[in-house]
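S.K.: Contents of structure.csv (CSV, C-alpha atoms and all ligand atoms) are given next:
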chain,number,residue,atom,x,y,z
P,24,MET,CA,0.0,0.0,0.0
P,25,ASN,CA,1.7,3.1,-1.3
P,26,THR,CA,0.3,6.4,0.1
P,27,ILE,CA,1.1,9.9,-0.8
P,28,ILE,CA,0.3,12.8,1.5
P,29,LEU,CA,-0.5,16.2,-0.2
P,30,ASN,CA,-0.3,19.5,1.6
P,31,GLY,CA,-2.9,21.8,-0.1
P,32,SER,CA,-2.0,25.0,1.7
P,33,PRO,CA,-0.8,27.9,-0.4
P,34,LYS,CA,1.9,28.4,2.3
P,35,GLY,CA,3.5,25.1,1.1
P,36,ASN,CA,6.3,23.7,3.3
P,37,SER,CA,6.8,27.0,5.2
P,38,GLU,CA,7.2,26.7,9.0
P,39,LYS,CA,4.1,28.9,9.3
P,40,CYS,CA,2.0,26.3,7.5
P,41,ASN,CA,-0.5,24.4,9.7
P,42,SER,CA,-1.2,21.9,6.9
P,43,GLN,CA,2.5,21.0,6.8
P,44,ILE,CA,2.6,20.6,10.5
P,45,PHE,CA,-0.5,18.3,10.2
P,46,ALA,CA,1.2,16.3,7.5
P,47,GLU,CA,4.5,15.9,9.4
P,48,GLN,CA,2.6,14.8,12.5
P,49,PHE,CA,0.5,12.3,10.6
P,50,VAL,CA,3.6,10.5,9.3
P,51,LYS,CA,5.8,11.0,12.4
P,52,ASP,CA,5.3,7.7,14.2
P,53,MET,CA,4.8,5.5,11.1
P,54,LYS,CA,7.2,2.6,10.5
P,55,ASN,CA,7.5,3.7,6.9
P,56,PRO,CA,6.6,7.4,6.8
P,57,CYS,CA,4.8,8.3,3.6
P,58,GLU,CA,6.1,10.9,1.2
P,59,ILE,CA,4.7,14.4,1.5
P,60,LYS,CA,4.3,16.8,-1.4
P,61,CYS,CA,3.1,20.4,-1.5
P,62,ILE,CA,0.6,21.4,-4.1
P,63,ALA,CA,1.9,25.0,-3.9
P,64,GLN,CA,5.3,23.9,-5.0
P,65,ASN,CA,4.2,21.7,-8.0
P,66,VAL,CA,2.6,22.1,-11.4
P,67,PRO,CA,-1.0,20.8,-11.0
P,68,LYS,CA,-1.0,18.6,-14.1
P,69,GLU,CA,2.4,17.0,-13.3
P,70,LEU,CA,1.4,16.4,-9.7
P,71,ALA,CA,-1.9,14.9,-10.8
P,72,GLN,CA,0.1,12.4,-13.0
P,73,TYR,CA,2.5,11.7,-10.3
P,74,VAL,CA,-0.1,10.8,-7.7
P,75,ALA,CA,-2.0,8.5,-10.1
P,76,ASP,CA,0.7,5.9,-9.5
P,77,PHE,CA,-0.1,5.7,-5.8
P,78,ASP,CA,-2.6,3.3,-4.2
P,79,ALA,CA,-3.9,6.1,-1.9
P,80,ILE,CA,-3.9,9.8,-1.6
P,81,ILE,CA,-4.4,11.8,1.6
P,82,LEU,CA,-5.0,15.4,1.0
P,83,ILE,CA,-4.4,17.8,4.0
P,84,LEU,CA,-5.8,21.2,3.4
P,85,PRO,CA,-6.9,24.5,5.1
P,86,LEU,CA,-10.5,25.5,4.7
P,87,TYR,CA,-10.7,28.6,2.4
P,88,ILE,CA,-14.1,30.2,2.1
P,89,HIS,CA,-15.8,27.0,3.1
P,90,ALA,CA,-13.9,24.8,0.7
P,91,MET,CA,-10.5,24.1,-0.7
P,92,PRO,CA,-8.0,26.9,-1.6
P,93,GLY,CA,-8.0,27.9,-5.3
P,94,ILE,CA,-4.7,26.2,-5.9
P,95,VAL,CA,-6.2,22.9,-4.7
P,96,MET,CA,-9.1,23.2,-7.1
P,97,LYS,CA,-6.6,23.8,-9.9
P,98,PHE,CA,-5.0,20.5,-8.9
P,99,ILE,CA,-8.4,18.7,-8.7
P,100,GLU,CA,-9.2,20.0,-12.2
P,101,GLU,CA,-6.3,17.9,-13.4
P,102,LEU,CA,-7.3,14.6,-11.7
P,103,GLU,CA,-8.4,11.8,-14.0
P,104,PRO,CA,-10.6,8.9,-12.8
P,105,ALA,CA,-8.7,5.8,-11.8
P,106,THR,CA,-8.7,3.1,-14.5
P,107,SER,CA,-8.4,0.3,-12.0
P,108,LYS,CA,-10.4,-0.5,-8.8
P,109,GLY,CA,-8.8,-0.5,-5.4
P,110,LYS,CA,-7.5,3.1,-5.1
P,111,SER,CA,-8.5,5.2,-2.2
P,112,ILE,CA,-8.5,8.9,-1.2
P,113,GLY,CA,-9.1,10.7,2.1
P,114,PHE,CA,-9.0,14.3,3.3
P,115,ILE,CA,-7.9,16.1,6.4
P,116,ILE,CA,-9.3,19.7,6.7
P,117,GLN,CA,-8.1,22.2,9.3
P,118,ALA,CA,-9.7,25.6,9.7
P,119,GLY,CA,-9.9,28.8,11.8
P,120,PHE,CA,-13.5,28.7,13.1
P,121,ILE,CA,-14.2,26.5,16.1
P,122,GLU,CA,-17.1,24.3,14.9
P,123,THR,CA,-16.4,21.7,12.2
P,124,ALA,CA,-20.0,21.8,10.8
P,125,GLN,CA,-18.5,24.6,8.7
P,126,HIS,CA,-16.7,21.9,6.7
P,127,LYS,CA,-19.8,20.0,5.7
P,128,TYR,CA,-20.3,21.8,2.4
P,129,VAL,CA,-17.0,20.8,1.0
P,130,GLY,CA,-17.1,17.5,2.8
P,131,ARG,CA,-20.1,16.4,0.7
P,132,TYR,CA,-18.3,17.6,-2.4
P,133,LEU,CA,-15.1,15.7,-1.6
P,134,GLU,CA,-17.1,12.5,-1.0
P,135,ASN,CA,-18.9,12.9,-4.3
P,136,LEU,CA,-15.6,13.7,-6.1
P,137,ALA,CA,-14.0,10.5,-4.7
P,138,GLU,CA,-16.7,8.4,-6.2
P,139,ARG,CA,-16.5,10.1,-9.6
P,140,LEU,CA,-12.8,9.6,-9.6
P,141,ASN,CA,-13.4,5.9,-9.0
P,142,TYR,CA,-11.5,6.1,-5.7
P,143,SER,CA,-12.9,4.6,-2.6
P,144,TYR,CA,-13.5,7.3,0.0
P,145,LEU,CA,-11.6,7.1,3.3
P,146,GLY,CA,-13.5,10.0,4.8
P,147,THR,CA,-12.9,13.6,5.6
P,148,VAL,CA,-11.4,14.4,9.0
P,149,SER,CA,-12.1,17.9,10.3
P,150,LYS,CA,-10.3,20.0,12.8
P,151,GLY,CA,-11.5,23.5,13.8
P,152,GLU,CA,-9.7,26.2,15.8
P,153,ALA,CA,-6.4,25.4,14.1
P,154,ALA,CA,-5.2,28.7,12.7
P,155,ALA,CA,-2.8,29.4,15.6
P,156,ILE,CA,-1.1,26.0,15.7
P,157,TYR,CA,2.0,27.2,14.0
P,158,MET,CA,2.3,30.1,16.4
P,159,TYR,CA,1.7,28.1,19.6
P,160,PRO,CA,2.4,24.5,18.9
P,161,LYS,CA,2.9,23.8,22.6
P,162,MET,CA,-0.8,24.7,23.3
P,163,PHE,CA,-1.9,22.2,20.7
P,164,LYS,CA,0.1,19.2,22.0
P,165,LYS,CA,-3.0,17.1,22.3
P,166,VAL,CA,-4.1,17.8,18.7
P,167,LEU,CA,-0.6,17.0,17.4
P,168,LYS,CA,-0.6,13.7,19.3
P,169,LEU,CA,-4.0,12.8,17.9
P,170,LEU,CA,-2.7,13.4,14.4
P,171,SER,CA,0.2,11.0,15.0
P,172,GLU,CA,-2.2,8.4,16.3
P,173,LEU,CA,-4.3,8.9,13.2
P,174,GLY,CA,-1.3,8.3,11.1
P,175,VAL,CA,-0.2,5.2,13.0
P,176,ALA,CA,-3.7,3.7,12.7
P,177,TYR,CA,-3.8,4.6,9.1
P,178,GLU,CA,-0.5,2.8,8.4
P,179,LYS,CA,-1.9,-0.3,10.1
P,180,ASN,CA,-5.5,-0.4,8.8
P,181,HIS,CA,-5.5,1.9,5.7
P,182,ALA,CA,-8.4,3.7,7.3
P,183,PHE,CA,-9.1,6.7,9.5
P,184,ASP,CA,-9.6,5.6,13.1
P,185,ASP,CA,-13.2,6.4,14.2
P,186,GLU,CA,-12.3,7.3,17.8
P,187,VAL,CA,-9.5,9.6,16.9
P,188,VAL,CA,-11.6,11.2,14.1
P,189,LYS,CA,-14.4,11.9,16.7
P,190,LYS,CA,-12.0,13.6,19.0
P,191,LEU,CA,-10.5,15.8,16.3
P,192,THR,CA,-13.9,16.7,14.8
P,193,ASN,CA,-15.3,17.9,18.2
P,194,PRO,CA,-17.1,20.3,18.5
P,195,TYR,CA,-19.3,19.8,15.4
P,196,GLU,CA,-21.5,22.7,16.4
P,197,LEU,CA,-21.3,25.3,19.1
P,198,SER,CA,-23.2,24.3,22.2
P,199,LYS,CA,-25.6,26.8,23.9
P,200,PHE,CA,-23.2,27.2,26.7
P,201,LYS,CA,-20.2,27.8,24.4
P,202,LEU,CA,-22.2,30.3,22.4
P,203,TRP,CA,-23.1,32.2,25.6
P,204,LEU,CA,-19.4,32.2,26.6
P,205,LEU,CA,-18.1,33.3,23.2
P,206,ARG,CA,-20.7,36.1,23.1
P,207,LEU,CA,-19.7,37.2,26.6
P,208,VAL,CA,-16.0,37.2,25.7
P,209,ASN,CA,-16.8,39.4,22.7
P,210,LYS,CA,-19.1,41.7,24.8
P,211,VAL,CA,-16.4,42.5,27.3
P,212,GLY,CA,-13.9,43.0,24.5
P,213,LEU,CA,-11.6,40.0,25.2
P,214,GLY,CA,-12.3,38.4,21.8
P,215,ASN,CA,-10.2,41.0,20.0
P,216,ILE,CA,-7.2,41.2,22.2
P,217,GLY,CA,-5.0,39.0,20.0
P,218,TRP,CA,-6.0,40.9,16.8
P,219,HIS,CA,-5.4,44.3,18.4
P,220,LYS,CA,-2.0,43.3,19.6
P,221,VAL,CA,-0.9,42.4,16.1
P,222,LEU,CA,-2.5,45.5,14.6
P,223,ARG,CA,-0.6,47.7,17.2
P,224,GLU,CA,2.7,45.9,16.5
P,225,ASN,CA,2.2,46.7,12.8
P,226,ASP,CA,1.2,50.3,13.6
P,227,VAL,CA,-2.2,50.1,11.9
P,228,MET,CA,-4.6,50.0,14.8
P,229,ASP,CA,-6.2,53.2,13.6
P,230,LYS,CA,-6.7,51.8,10.1
P,231,ARG,CA,-8.3,48.5,11.2
P,232,LEU,CA,-11.8,49.4,10.0
P,233,ASP,CA,-10.7,51.1,6.8
P,234,ARG,CA,-12.8,50.8,3.7
P,235,PRO,CA,-10.2,51.4,1.0
P,236,PHE,CA,-12.4,50.4,-2.0
P,237,LEU,CA,-15.4,52.7,-1.7
O,14,MET,CA,-28.8,50.4,-10.1
O,15,LYS,CA,-25.1,49.5,-10.4
O,16,THR,CA,-24.3,46.0,-11.7
O,17,VAL,CA,-21.0,44.1,-12.1
O,18,ILE,CA,-20.6,41.0,-14.1
O,19,ILE,CA,-18.1,38.2,-13.4
O,20,LYS,CA,-18.0,35.7,-16.3
O,21,GLU,CA,-16.2,32.7,-17.5
O,22,CYS,CA,-18.8,31.5,-20.0
O,23,GLY,CA,-21.8,32.6,-21.9
O,24,ASP,CA,-22.2,35.0,-24.8
O,25,ILE,CA,-23.9,37.7,-22.8
O,26,LYS,CA,-24.5,41.2,-24.0
O,27,THR,CA,-22.7,43.4,-21.4
O,28,SER,CA,-22.3,46.7,-23.3
O,29,ASP,CA,-21.9,49.3,-20.6
O,30,VAL,CA,-21.6,47.1,-17.5
O,31,TYR,CA,-18.3,46.6,-15.8
O,32,THR,CA,-17.3,43.0,-16.7
O,33,PHE,CA,-14.6,41.0,-15.0
O,34,ASP,CA,-13.8,38.3,-17.5
O,35,LEU,CA,-12.2,35.2,-15.9
O,36,ASN,CA,-11.3,33.8,-19.3
O,37,LYS,CA,-9.0,36.7,-19.8
O,38,LYS,CA,-7.7,37.2,-16.3
O,39,VAL,CA,-5.9,34.6,-14.2
O,40,VAL,CA,-6.5,35.9,-10.6
O,41,LYS,CA,-3.4,35.7,-8.5
O,42,ASP,CA,-3.8,32.9,-5.9
O,43,CYS,CA,-4.2,33.9,-2.3
O,44,ILE,CA,-0.9,33.0,-0.4
O,45,GLY,CA,-2.5,33.1,3.1
O,46,CYS,CA,-0.2,36.0,4.2
O,47,TRP,CA,-3.0,37.8,6.1
O,48,SER,CA,-1.6,41.2,5.1
O,49,CYS,CA,-5.2,42.2,4.3
O,50,TRP,CA,-6.1,41.9,8.0
O,51,TRP,CA,-2.9,42.6,9.9
O,52,LYS,CA,-0.6,44.8,7.8
O,53,THR,CA,-2.7,46.8,5.3
O,54,PRO,CA,-6.3,46.5,6.6
O,55,GLY,CA,-8.7,45.9,3.8
O,56,ARG,CA,-6.0,45.7,1.1
O,57,CYS,CA,-4.5,42.6,-0.4
O,58,SER,CA,-0.8,42.4,-0.9
O,59,PHE,CA,-1.5,41.9,-4.6
O,60,ASN,CA,-2.9,44.7,-6.7
O,61,ASP,CA,-4.5,42.8,-9.5
O,62,LEU,CA,-8.0,43.1,-8.1
O,63,ASN,CA,-8.0,46.7,-7.0
O,64,GLU,CA,-10.5,47.9,-9.7
O,65,PHE,CA,-12.6,44.8,-9.2
O,66,TYR,CA,-12.9,45.3,-5.5
O,67,HIS,CA,-14.0,48.9,-6.0
O,68,ARG,CA,-16.6,47.9,-8.7
O,69,TYR,CA,-17.9,45.0,-6.6
O,70,ILE,CA,-18.2,46.7,-3.3
O,71,THR,CA,-20.0,49.7,-4.8
O,72,ALA,CA,-22.4,47.6,-6.9
O,73,ASP,CA,-26.0,46.8,-6.0
O,74,LYS,CA,-25.9,43.6,-7.9
O,75,ALA,CA,-23.2,41.1,-9.0
O,76,ILE,CA,-24.1,38.7,-11.8
O,77,TYR,CA,-21.9,35.6,-12.2
O,78,PHE,CA,-21.8,33.4,-15.4
O,79,VAL,CA,-19.9,30.4,-14.3
O,80,ARG,CA,-18.6,27.2,-15.9
O,81,VAL,CA,-19.1,24.2,-13.7
O,82,THR,CA,-15.8,22.5,-13.4
O,83,LYS,CA,-15.5,19.0,-11.9
O,84,GLU,CA,-19.0,19.7,-10.5
O,85,PHE,CA,-17.6,22.7,-8.6
O,86,VAL,CA,-16.4,26.2,-9.3
O,87,SER,CA,-13.2,26.4,-11.4
O,88,GLY,CA,-9.9,27.0,-9.6
O,89,ASN,CA,-9.7,30.5,-11.0
O,90,LEU,CA,-13.1,31.4,-9.6
O,91,LYS,CA,-12.3,29.7,-6.3
O,92,THR,CA,-9.2,31.9,-6.1
O,93,LEU,CA,-11.5,34.9,-6.7
O,94,PHE,CA,-13.6,33.8,-3.7
O,95,ASP,CA,-10.5,33.4,-1.6
O,96,ARG,CA,-9.4,36.9,-2.5
O,97,MET,CA,-12.7,38.3,-1.1
O,98,ILE,CA,-11.4,38.1,2.4
O,99,PRO,CA,-10.1,41.7,2.5
O,100,LEU,CA,-13.7,42.8,2.2
O,101,TYR,CA,-14.4,41.5,5.7
O,102,LEU,CA,-13.0,42.1,9.2
O,103,PRO,CA,-11.0,39.5,11.1
O,104,TYR,CA,-13.4,39.7,14.1
O,105,THR,CA,-15.7,36.7,14.7
O,106,VAL,CA,-19.3,37.0,15.9
O,107,TYR,CA,-21.7,34.3,17.1
O,108,THR,CA,-25.0,36.1,16.8
O,109,SER,CA,-26.4,33.6,14.2
O,110,GLY,CA,-25.5,30.6,16.3
O,111,GLU,CA,-22.3,29.9,14.4
O,112,SER,CA,-19.0,31.6,13.8
O,113,MET,CA,-19.0,34.4,11.2
O,114,HIS,CA,-16.7,37.2,10.3
O,115,VAL,CA,-17.8,40.9,10.6
O,116,PRO,CA,-18.6,42.9,7.5
O,117,ARG,CA,-16.0,45.6,6.7
O,118,TYR,CA,-18.4,47.5,4.4
O,119,GLU,CA,-21.9,48.7,5.0
O,120,LYS,CA,-23.4,46.7,2.2
O,121,TYR,CA,-22.6,43.9,-0.3
O,122,PRO,CA,-24.2,43.3,-3.7
O,123,ASP,CA,-27.1,41.0,-4.3
O,124,ILE,CA,-26.1,38.0,-6.2
O,125,GLU,CA,-27.4,36.4,-9.4
O,126,PHE,CA,-25.4,33.3,-10.1
O,127,TYR,CA,-25.9,31.4,-13.4
O,128,TYR,CA,-24.0,28.2,-14.0
O,129,GLU,CA,-23.3,26.3,-17.2
O,130,GLY,CA,-22.5,22.6,-17.1
O,131,LYS,CA,-23.8,19.2,-16.2
O,132,PHE,CA,-24.0,17.2,-13.1
O,133,GLU,CA,-23.9,13.4,-13.0
O,134,THR,CA,-26.5,13.3,-10.3
O,135,HIS,CA,-29.2,15.4,-8.6
O,136,SER,CA,-27.2,15.4,-5.4
O,137,GLY,CA,-24.1,16.6,-7.2
O,138,ARG,CA,-26.1,19.7,-8.3
O,139,GLN,CA,-27.5,20.1,-4.8
O,140,ILE,CA,-24.0,20.1,-3.3
O,141,PHE,CA,-22.9,22.8,-5.8
O,142,VAL,CA,-26.0,25.0,-5.1
O,143,ASP,CA,-25.7,24.6,-1.4
O,144,TYR,CA,-22.1,25.6,-1.5
O,145,ILE,CA,-22.7,28.7,-3.6
O,146,ASN,CA,-25.5,29.8,-1.3
O,147,ARG,CA,-23.3,29.3,1.7
O,148,VAL,CA,-20.5,31.4,0.3
O,149,PHE,CA,-22.7,34.4,-0.5
O,150,TYR,CA,-24.6,34.1,2.8
O,151,GLN,CA,-21.2,34.3,4.6
O,152,PHE,CA,-20.3,37.2,2.3
O,153,TYR,CA,-23.4,39.1,3.6
O,154,SER,CA,-25.2,39.3,0.3
O,155,LYS,CA,-28.9,39.7,1.1
O,156,ASN,CA,-30.5,38.3,-2.0
O,157,ILE,CA,-29.0,35.3,-3.7
O,158,ILE,CA,-30.4,33.6,-6.8
O,159,ILE,CA,-28.7,30.6,-8.3
O,160,LYS,CA,-29.9,29.1,-11.6
O,161,PRO,CA,-28.7,27.2,-14.7
O,162,ILE,CA,-27.6,29.6,-17.3
O,163,GLY,CA,-30.5,28.7,-19.6
O,164,GLU,CA,-32.8,30.6,-17.2
O,165,PHE,CA,-31.0,33.9,-17.6
O,166,ILE,CA,-33.1,36.5,-19.2
O,167,ALA,CA,-31.2,39.5,-20.5
O,168,GLU,CA,-32.8,42.8,-19.9
O,169,GLY,CA,-35.1,43.6,-22.9
O,170,ASP,CA,-35.4,40.0,-23.9
O,171,ASP,CA,-38.7,39.4,-22.0
O,172,ASN,CA,-40.9,40.8,-24.8
O,173,THR,CA,-39.1,39.4,-27.8
H,1,LIG,C1,-8.5,33.2,2.2
H,1,LIG,C2,-8.7,32.5,3.4
H,1,LIG,C3,-10.0,31.9,3.6
H,1,LIG,C4,-10.3,31.2,4.8
H,1,LIG,N1,-11.6,30.7,4.9
H,1,LIG,C5,-11.9,30.0,6.1
H,1,LIG,C6,-13.2,29.5,6.2
H,1,LIG,O1,-14.1,29.6,5.4
H,1,LIG,N2,-13.5,28.9,7.4
H,1,LIG,C7,-12.6,28.8,8.4
H,1,LIG,O2,-12.9,28.2,9.5
H,1,LIG,N3,-11.3,29.2,8.3
H,1,LIG,C8,-10.9,29.8,7.1
H,1,LIG,N4,-9.6,30.3,6.9
H,1,LIG,C9,-8.6,30.0,8.0
H,1,LIG,C10,-7.6,28.9,7.6
H,1,LIG,O3,-8.3,27.7,7.3
H,1,LIG,C11,-6.7,28.6,8.8
H,1,LIG,O4,-6.0,29.8,9.1
H,1,LIG,C12,-5.7,27.5,8.5
H,1,LIG,O5,-5.2,27.0,9.7
H,1,LIG,C13,-4.6,27.8,7.5
H,1,LIG,O6,-3.9,26.7,7.3
H,1,LIG,P1,-2.4,26.7,6.6
H,1,LIG,O7,-1.5,27.3,7.6
H,1,LIG,O8,-2.1,25.3,6.3
H,1,LIG,O9,-2.5,27.5,5.3
H,1,LIG,C14,-9.3,31.0,5.7
H,1,LIG,C15,-8.0,31.5,5.5
H,1,LIG,C16,-7.7,32.3,4.4
H,1,LIG,C17,-6.3,32.8,4.2
Let me see whether you can do it: turn the structure in this file into structure tokens.
Ligand SMILES: Cc1cc2nc3c(=O)[nH]c(=O)nc-3n(C[C@H](O)[C@H](O)[C@H](O)COP(=O)(O)O)c2cc1C
M.R.:
Amino acid sequence: MNTIILNGSPKGNSEKCNSQIFAEQFVKDMKNPCEIKCIAQNVPKELAQYVADFDAIILILPLYIHAMPGIVMKFIEELEPATSKGKSIGFIIQAGFIETAQHKYVGRYLENLAERLNYSYLGTVSKGEAAAIYMYPKMFKKVLKLLSELGVAYEKNHAFDDEVVKKLTNPYELSKFKLWLLRLVNKVGLGNIGWHKVLRENDVMDKRLDRPFL
Amino acid sequence: MKTVIIKECGDIKTSDVYTFDLNKKVVKDCIGCWSCWWKTPGRCSFNDLNEFYHRYITADKAIYFVRVTKEFVSGNLKTLFDRMIPLYLPYTVYTSGESMHVPRYEKYPDIEFYYEGKFETHSGRQIFVDYINRVFYQFYSKNIIIKPIGEFIAEGDDNT
């Protein structure tokens, strides 16, 4: 079973790239770590031809406007249906917003795409609240460990482990309590502290609400 | 009423309407640098869409003529969606019961979205329509119409 891991982030293999961190964690504890390639650093058509020789593809991507980044769609445009049975494809999506229900639109598309490409569908694993992982990896130790577990189980069973998937996907929706808490945090102004720190550092705090294109 | 057209298919008469032709323009891909939120609020680090942003955000209506690609939007159009992020603020609100960004501008154009292309199944079409609806809902467009291109009626065509 020959698997290729694709990183679909436009940031490619930069150290600021969460998808790259996900990919490296996924293969970290495997006996035979899979190869990782970045879509951003390859020509879509050539990469599509290259991955056709693998038994399985795992595409790790950031959610961009509720779906894949433009560069990933350019790669998908080049994929041809498999001519033989037995190939499989799976997806790992990570995103900024907390609740993973936000991923369901593209999740349904990816499942449908797998079928039309004649690949069996391994599933789509979703992780929310992931935007800051590259900044504070220590705060996300648990998530990183789960990704390695997902990788180990994948190497063994050629499938995503249900238990690990469940933990990563949680929360699917925001509970009433969580909503109350988040609204409260916003109300007292704590929600924007991080943003404002960066804006001040960049000396653009007073420009933050600009409408340059009116 | 100000209108903009974004098109990658269809032979539509667009005489005096600002038209952004995706067949002629390859939109620069978003590189995820966040300059538009952190460094130059509201402005992308690329300049290729400056006129488009102005026309779009000052329009009452945006009409899309889109070619369905692998039962989704093309990579070029998806990149245009990605590049809309500067039109919104980084802050997140939870008023609707889910996470949503805050509008940067007072209003966003209504959307008429016409698509050309086939789907293998009914559910393939539904996935596409649901996705487009979701995008423009999150983009704060109030009225969103999504139809196959055959249902587009050019102004003045009604009584011919
Ligand atoms: C243009 C753009 C669009 C985005 N759209 C979404 C979105 O719709 N939902 C979401 O939860 N996060 C969204 N994000 C946040 C990213 O998914 C998040 O920051 C992710 O961790 C980036 O991964 P990367 O470092 O691998 O590129 C978006 C980010 C960018 C730059």
S.K.: Which residue, P:Thr123, P:Ser107, P:Asn215, P:Asn141, has the smallest gap to chain O when you use only C-alpha atoms?
M.R.: P:Asn215
S.K.: When the cut-off is 8 Å and we count only C-alpha atoms, which residues of chain P are near chain O, given as number ranges by chain?
M.R.: P: 33-34, 87-89, 92-97, 99-100, 120-122, 128-129, 131-132, 135-136, 196-197, 202, 205-206, 209, 214-215, 218, 221-222, 225, 227, 230-237
S.K.: Between CA of Tyr77 in chain O and CA of Ile83 in chain P, what is the distance in Å, rounded to a tenth?
M.R.: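 Separating CA of Tyr77 in chain O from CA of Ile83 in chain P is a distance of 29.8 Å.
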S.K.: May I ask for the distance between CA of Val175 in chain P and CA of Val187 in chain P, given in Å to one decimal place?
M.R.: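 CA of Val187 in chain P lies 11.0 Å from CA of Val175 in chain P.
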S.K.: Set the distance at 12 Å and use only C-alpha atoms: which residues neighbour range 38-47 of chain P once local chain neighbours fewer than 5 positions away are removed? I'd like the list as a compact mmCIF listing (two decimals) with C-alpha atoms, keeping the file's coordinate frame.
M.R.:
# COMPACT_ATOMS: atom_id res chain seq x y z
CA ILE P 27 1.10 9.90 -0.80
CA ILE P 28 0.30 12.80 1.50
CA LEU P 29 -0.50 16.20 -0.20
CA ASN P 30 -0.30 19.50 1.60
CA GLY P 31 -2.90 21.80 -0.10
CA SER P 32 -2.00 25.00 1.70
CA PRO P 33 -0.80 27.90 -0.40
CA ASP P 52 5.30 7.70 14.20
CA MET P 53 4.80 5.50 11.10
CA PRO P 56 6.60 7.40 6.80
CA CYS P 57 4.80 8.30 3.60
CA GLU P 58 6.10 10.90 1.20
CA ILE P 59 4.70 14.40 1.50
CA LYS P 60 4.30 16.80 -1.40
CA CYS P 61 3.10 20.40 -1.50
CA ILE P 62 0.60 21.40 -4.10
CA ALA P 63 1.90 25.00 -3.90
CA ILE P 81 -4.40 11.80 1.60
CA LEU P 82 -5.00 15.40 1.00
CA ILE P 83 -4.40 17.80 4.00
CA LEU P 84 -5.80 21.20 3.40
CA PRO P 85 -6.90 24.50 5.10
CA LEU P 86 -10.50 25.50 4.70
CA PRO P 92 -8.00 26.90 -1.60
CA PHE P 114 -9.00 14.30 3.30
CA ILE P 115 -7.90 16.10 6.40
CA ILE P 116 -9.30 19.70 6.70
CA GLN P 117 -8.10 22.20 9.30
CA ALA P 118 -9.70 25.60 9.70
CA GLY P 119 -9.90 28.80 11.80
CA VAL P 148 -11.40 14.40 9.00
CA SER P 149 -12.10 17.90 10.30
CA LYS P 150 -10.30 20.00 12.80
CA GLY P 151 -11.50 23.50 13.80
CA GLU P 152 -9.70 26.20 15.80
CA ALA P 153 -6.40 25.40 14.10
CA ALA P 154 -5.20 28.70 12.70
CA ALA P 155 -2.80 29.40 15.60
CA ILE P 156 -1.10 26.00 15.70
CA TYR P 157 2.00 27.20 14.00
CA MET P 158 2.30 30.10 16.40
CA TYR P 159 1.70 28.10 19.60
CA PRO P 160 2.40 24.50 18.90
CA PHE P 163 -1.90 22.20 20.70
CA LYS P 164 0.10 19.20 22.00
CA VAL P 166 -4.10 17.80 18.70
CA LEU P 167 -0.60 17.00 17.40
CA LYS P 168 -0.60 13.70 19.30
CA LEU P 169 -4.00 12.80 17.90
CA LEU P 170 -2.70 13.40 14.40
CA SER P 171 0.20 11.00 15.00
CA GLU P 172 -2.20 8.40 16.30
CA LEU P 173 -4.30 8.90 13.20
CA GLY P 174 -1.30 8.30 11.10
CA LEU P 191 -10.50 15.80 16.30
CA ILE O 44 -0.90 33.00 -0.40
CA GLY O 45 -2.50 33.10 3.10
CA CYS O 46 -0.20 36.00 4.20
CA TRP O 47 -3.00 37.80 6.10
S.K.: Rounded to one decimal in Å, what is the spacing between CA of Ser111 in chain P and CA of Thr26 in chain P?
M.R.: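 The value is 9.2 Å.
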S.K.: Can you tell me which residues surround Ile76 in chain O at a distance of at most 10 Å, considering only C-alpha atoms, apart from same-chain residues fewer than 4 positions away, and format the answer as a VMD selection string?
M.R.: chain O and resid 16 to 20 32 122 to 127 158 to 159
S.K.: Compare P:Leu133, P:Ala90, P:Val50, P:Val74 by their minimum atom-to-atom distance to ligand LIG 1 (chain H), counting all atoms listed in the file, and give me the closest one.
M.R.: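 Nearest to ligand LIG 1 (chain H): P:Ala90.
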S.K.: Gly23 in chain O: which residues within 10 Å, counting only C-alpha atoms, same-chain residues fewer than 2 positions away excluded, as a count of residues only?
M.R.: 12
S.K.: For ligand LIG 1 (chain H), which residue out of O:Lys120, O:Tyr150, O:Gly130, O:Lys15 is the nearest one, using only C-alpha atoms and all ligand atoms?
M.R.: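 That would be O:Tyr150, the residue with the smallest distance to ligand LIG 1 (chain H).
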